[in-house]
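Structure below is protein25.cif: mmCIF, C-alpha atoms.
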```
data_run
loop_
_atom_site.group_PDB
_atom_site.id
_atom_site.type_symbol
_atom_site.label_atom_id
_atom_site.label_comp_id
_atom_site.auth_asym_id
_atom_site.auth_seq_id
_atom_site.Cartn_x
_atom_site.Cartn_y
_atom_site.Cartn_z
ATOM 1 C CA MET A 223 66.658 101.277 137.998
ATOM 2 C CA SER A 224 69.241 103.174 140.014
ATOM 3 C CA ARG A 225 70.558 106.572 139.110
ATOM 4 C CA ALA A 226 73.983 105.096 138.114
ATOM 5 C CA GLY A 227 72.335 102.462 135.891
ATOM 6 C CA PHE A 228 70.265 105.098 134.105
ATOM 7 C CA PHE A 229 73.363 107.247 133.488
ATOM 8 C CA GLU A 230 75.271 104.244 132.076
ATOM 9 C CA THR A 231 72.363 103.443 129.755
ATOM 10 C CA ILE A 232 72.293 107.014 128.406
ATOM 11 C CA ILE A 233 76.076 106.960 127.815
ATOM 12 C CA GLY A 234 75.781 103.570 126.049
ATOM 13 C CA VAL A 235 73.048 104.859 123.730
ATOM 14 C CA ALA A 236 75.152 107.948 122.934
ATOM 15 C CA VAL A 237 78.210 105.819 122.120
ATOM 16 C CA ILE A 238 76.171 103.569 119.808
ATOM 17 C CA ALA A 239 74.645 106.620 118.059
ATOM 18 C CA VAL A 240 78.093 108.176 117.469
ATOM 19 C CA ALA A 241 79.452 104.851 116.167
ATOM 20 C CA ALA A 242 76.501 104.494 113.772
ATOM 21 C CA ALA A 243 76.980 108.066 112.510
ATOM 22 C CA PHE A 244 80.685 107.399 111.949
ATOM 23 C CA MET A 245 79.961 104.182 110.039
ATOM 24 C CA ALA A 246 77.413 105.954 107.815
ATOM 25 C CA TYR A 247 79.934 108.707 107.049
ATOM 26 C CA ALA A 248 82.742 106.213 106.329
ATOM 27 C CA TYR A 249 80.503 104.199 103.990
ATOM 28 C CA GLY A 250 79.460 107.320 102.103
ATOM 29 C CA ALA A 251 83.028 108.662 101.854
ATOM 30 C CA SER A 252 84.359 105.319 100.609
ATOM 31 C CA GLY A 253 82.613 105.770 97.279
ATOM 32 C CA LYS A 254 80.719 102.478 97.626
ATOM 33 C CA ALA A 255 77.434 104.223 98.304
ATOM 34 C CA MET A 256 76.141 105.606 95.053
ATOM 35 C CA GLY A 257 73.173 107.876 95.149
ATOM 36 C CA ARG A 258 70.417 107.992 92.582
ATOM 37 C CA ASP A 259 71.756 111.261 91.263
ATOM 38 C CA GLN A 260 75.068 109.756 90.096
ATOM 39 C CA TYR A 261 76.129 107.908 86.980
ATOM 40 C CA ARG A 262 79.170 105.730 86.318
ATOM 41 C CA VAL A 263 81.812 106.192 83.635
ATOM 42 C CA ASP A 264 84.954 104.139 83.076
ATOM 43 C CA ALA A 265 88.522 105.131 82.280
ATOM 44 C CA VAL A 266 91.642 103.066 81.605
ATOM 45 C CA PHE A 267 95.015 104.305 82.874
ATOM 46 C CA GLY A 268 98.548 102.993 82.546
ATOM 47 C CA LYS A 269 99.318 103.964 86.137
ATOM 48 C CA VAL A 270 97.090 105.141 89.007
ATOM 49 C CA ASP A 271 99.532 105.587 91.902
ATOM 50 C CA GLY A 272 97.800 107.242 94.868
ATOM 51 C CA VAL A 273 94.245 106.844 93.531
ATOM 52 C CA THR A 274 92.062 104.735 95.811
ATOM 53 C CA ILE A 275 88.374 103.988 96.113
ATOM 54 C CA GLY A 276 86.788 107.196 97.358
ATOM 55 C CA SER A 277 89.392 109.500 95.762
ATOM 56 C CA ASP A 278 87.939 112.701 94.345
ATOM 57 C CA VAL A 279 87.045 113.286 90.717
ATOM 58 C CA ARG A 280 87.425 116.992 89.971
ATOM 59 C CA ILE A 281 86.754 119.417 87.176
ATOM 60 C CA ALA A 282 88.572 122.757 87.506
ATOM 61 C CA GLY A 283 89.430 121.822 91.096
ATOM 62 C CA VAL A 284 85.791 121.294 92.111
ATOM 63 C CA LYS A 285 84.730 117.827 93.294
ATOM 64 C CA VAL A 286 82.170 116.351 90.894
ATOM 65 C CA GLY A 287 82.346 112.714 91.914
ATOM 66 C CA SER A 288 84.529 109.971 93.324
ATOM 67 C CA VAL A 289 86.341 106.803 92.327
ATOM 68 C CA SER A 290 83.977 103.890 92.942
ATOM 69 C CA SER A 291 86.299 101.028 91.945
ATOM 70 C CA ASN A 292 89.625 100.226 90.377
ATOM 71 C CA ALA A 293 90.965 96.926 89.121
ATOM 72 C CA LEU A 294 93.867 95.567 87.113
ATOM 73 C CA ASP A 295 93.115 94.251 83.627
ATOM 74 C CA LEU A 296 95.108 91.005 83.606
ATOM 75 C CA ARG A 297 95.266 90.982 79.812
ATOM 76 C CA THR A 298 96.670 94.492 79.238
ATOM 77 C CA TYR A 299 98.078 95.209 82.727
ATOM 78 C CA GLU A 300 96.318 98.558 82.799
ATOM 79 C CA ALA A 301 94.136 99.964 85.562
ATOM 80 C CA ASN A 302 90.387 100.042 84.933
ATOM 81 C CA VAL A 303 88.886 102.827 87.045
ATOM 82 C CA GLU A 304 85.163 103.362 87.547
ATOM 83 C CA LEU A 305 84.081 106.923 88.350
ATOM 84 C CA ALA A 306 80.801 107.893 90.021
ATOM 85 C CA ILE A 307 79.890 111.345 88.647
ATOM 86 C CA ASN A 308 77.233 113.611 90.166
ATOM 87 C CA GLY A 309 74.088 113.558 88.035
ATOM 88 C CA GLY A 310 73.941 117.302 87.439
ATOM 89 C CA ILE A 311 77.397 117.325 85.843
ATOM 90 C CA MET A 312 77.493 116.546 82.137
ATOM 91 C CA ILE A 313 80.907 115.614 80.700
ATOM 92 C CA PRO A 314 81.641 115.918 76.962
ATOM 93 C CA GLU A 315 82.680 112.685 75.212
ATOM 94 C CA ASP A 316 86.102 114.029 74.176
ATOM 95 C CA SER A 317 87.147 114.950 77.719
ATOM 96 C CA ILE A 318 90.558 114.023 79.144
ATOM 97 C CA ALA A 319 90.984 112.229 82.483
ATOM 98 C CA LYS A 320 94.323 112.664 84.283
ATOM 99 C CA VAL A 321 95.740 111.293 87.520
ATOM 100 C CA VAL A 322 96.930 114.351 89.455
ATOM 101 C CA SER A 323 99.015 114.275 92.635
ATOM 102 C CA ASP A 324 97.581 116.005 95.700
ATOM 103 C CA GLY A 325 101.093 116.877 96.904
ATOM 104 C CA ILE A 326 104.464 115.419 97.774
ATOM 105 C CA LEU A 327 103.057 113.342 100.628
ATOM 106 C CA GLY A 328 101.130 111.056 98.309
ATOM 107 C CA GLY A 329 97.490 110.755 97.457
ATOM 108 C CA ALA A 330 95.987 111.662 94.138
ATOM 109 C CA HIS A 331 92.715 112.438 92.445
ATOM 110 C CA ILE A 332 91.285 112.213 88.938
ATOM 111 C CA ALA A 333 91.130 115.557 87.133
ATOM 112 C CA ILE A 334 88.816 115.784 84.140
ATOM 113 C CA GLU A 335 89.475 118.402 81.480
ATOM 114 C CA PRO A 336 86.211 118.853 79.573
ATOM 115 C CA GLY A 337 86.358 118.643 75.799
ATOM 116 C CA ALA A 338 84.334 120.543 73.226
ATOM 117 C CA ALA A 339 82.088 117.760 71.917
ATOM 118 C CA GLU A 340 78.354 118.313 71.965
ATOM 119 C CA GLU A 341 77.703 114.643 72.802
ATOM 120 C CA MET A 342 77.881 113.953 76.546
ATOM 121 C CA LEU A 343 78.980 110.823 78.394
ATOM 122 C CA ARG A 344 76.205 108.609 79.708
ATOM 123 C CA GLU A 345 76.003 105.747 82.212
ATOM 124 C CA GLY A 346 78.591 103.082 81.360
ATOM 125 C CA ASP A 347 80.486 105.134 78.750
ATOM 126 C CA LYS A 348 84.269 105.261 78.736
ATOM 127 C CA ILE A 349 86.639 108.229 78.795
ATOM 128 C CA THR A 350 89.069 107.249 76.041
ATOM 129 C CA ILE A 351 91.749 109.920 76.464
ATOM 130 C CA THR A 352 93.626 109.407 79.738
ATOM 131 C CA GLN A 353 96.959 110.225 81.323
ATOM 132 C CA GLY A 354 98.310 108.097 84.158
ATOM 133 C CA SER A 355 100.197 109.266 87.211
ATOM 134 C CA VAL A 356 103.721 110.675 87.098
ATOM 135 C CA ASP A 357 106.406 109.307 89.430
ATOM 136 C CA LEU A 358 107.402 112.549 91.188
ATOM 137 C CA LEU A 359 109.980 110.875 93.432
ATOM 138 C CA GLY A 360 111.675 109.247 90.446
ATOM 139 C CA LEU A 361 111.791 112.572 88.597
ATOM 140 C CA ALA A 362 113.233 114.337 91.645
ATOM 141 C CA VAL A 363 115.936 111.691 92.113
ATOM 142 C CA GLN A 364 116.816 111.876 88.432
ATOM 143 C CA ALA A 365 117.056 115.679 88.561
ATOM 144 C CA PHE A 366 119.196 115.681 91.707
ATOM 145 C CA THR A 367 121.572 112.978 90.466
ATOM 146 C CA SER A 368 122.145 114.693 87.132
ATOM 147 C CA GLN A 369 122.754 118.016 88.936
ATOM 148 C CA ALA A 370 125.106 116.408 91.446
ATOM 149 C CA SER A 371 127.245 114.928 88.683
ATOM 150 C CA GLY A 372 127.665 118.427 87.256
ATOM 151 C CA GLY A 373 126.586 117.345 83.818
ATOM 152 C CA LYS A 374 129.384 114.737 83.518
ATOM 153 C CA ASP A 375 126.837 112.214 82.297
ATOM 154 C CA ARG A 376 126.368 114.159 79.086
ATOM 155 C CA GLU A 377 127.900 112.579 76.032
ATOM 156 C CA LYS A 378 130.676 114.532 74.367
ATOM 157 C CA PRO A 379 130.001 115.370 70.731
ATOM 158 C CA GLU A 380 131.664 113.060 68.290
ATOM 159 C CA VAL A 381 134.734 114.612 66.680
ATOM 160 C CA ASP A 382 134.756 114.658 62.919
ATOM 161 C CA PRO A 383 137.943 112.814 61.835
ATOM 162 C CA LEU A 384 138.187 114.880 58.643
ATOM 163 C CA GLY A 385 138.060 118.154 60.492
ATOM 164 C CA GLU A 386 136.373 121.213 59.116
ATOM 165 C CA PHE A 387 136.607 121.818 55.374
#
```

Translate the structure described by the file into structure tokens.
Amino acid sequence: MSRAGFFETIIGVAVIAVAAAFMAYAYGASGKAMGRDQYRVDAVFGKVDGVTIGSDVRIAGVKVGSVSSNALDLRTYEANVELAINGGIMIPEDSIAKVVSDGILGGAHIAIEPGAAEEMLREGDKITITQGSVDLLGLAVQAFTSQASGGKDREKPEVDPLGEF
């Protein structure tokens, strides 16, 4: 084999190794790969804008898991979200799961506020208290349009026809 052929072979092997490493990272970050030290819990939300498979699940801002799947319930039109939680993290049964925006550019994560129950969630359990995402753009537009009108949209109080007695 010539010197140029050997060099091309080494570069080819390096490219394949980098591609394999990237694929392994992408698969792990997608939330599809679930390790042995994780358990799954479910939550049902009215709205999950910005939450995708692989989105973080956080407690007090610390990542404790990821979203492993989400699907629409065709009967109730709510979002069923499956969370993969790290095995060392125990979550009380009365905890609250909220969809929290990561910022104005989009993206969101699930924030869990632990409850006070002594019973902990186990594999396959469901978080029953949830809060869906808030439409920040809609709120901003509503605030700006009501400010721009100078409060003209407010209803005037009804005048009492009998006057004050």

Selection as a ChimeraX atom specification: residues within 10 Å of (83.8, 122.7, 76.0), counting all atoms listed in the file: /A:313-314,316-317,335-340

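In this comparison, which uses only C-alpha atoms, the residue of A:Asp264, A:Asp295, A:Asp324, A:Asp278 approaching A:Thr352 most closely is A:Asp264.
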
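The set of protein, DNA and RNA residues with any counted atom at most 9 Å from (93.6, 105.1, 85.3) (all atoms listed in the file) reads Asp264, Ala265, Val266, Phe267, Gly268, Lys269, Val270, Asp271, Val273, Asn292, Glu300, Ala301, Asn302, Val303, Glu304, Ala319, Lys320, Val321, Ile332, Thr352, Gln353, Gly354 and Ser355 of chain A.
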
Given the PyMOL selection byres ((chain A and resi 307) around 9), the residues it picks as a count of residues only: 17

Interatomic distance, atom CA of A:Leu343 to atom CA of A:Val284 (Å, one decimal):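 Distance between the two atoms: 18.6 Å.
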
Expansion of the PyMOL selection byres ((chain A and resi 359) around 12) into residues, as a VMD selection string: chain A and resid 271 323 325 to 328 355 to 358 360 to 366

Coordinates-based distance that separates atom CA of A:Ile318 from atom CA of A:Ile351 (Å, one decimal): 5.0 Å

For atom CA of A:Ile281 and atom CA of A:Thr350, the interatomic separation in Å (one decimal): 16.7 Å

Please return the centre and edge lengths, in Å to one decimal, of a box with edges along x, y and z that contains all listed atoms of stretch 354-367 of chain A, widened by 6 Å on every side, as lines of an AutoDock Vina configuration file.
```
center_x = 109.9
center_y = 111.9
center_z = 88.8
size_x = 35.3
size_y = 19.6
size_z = 21.3
```
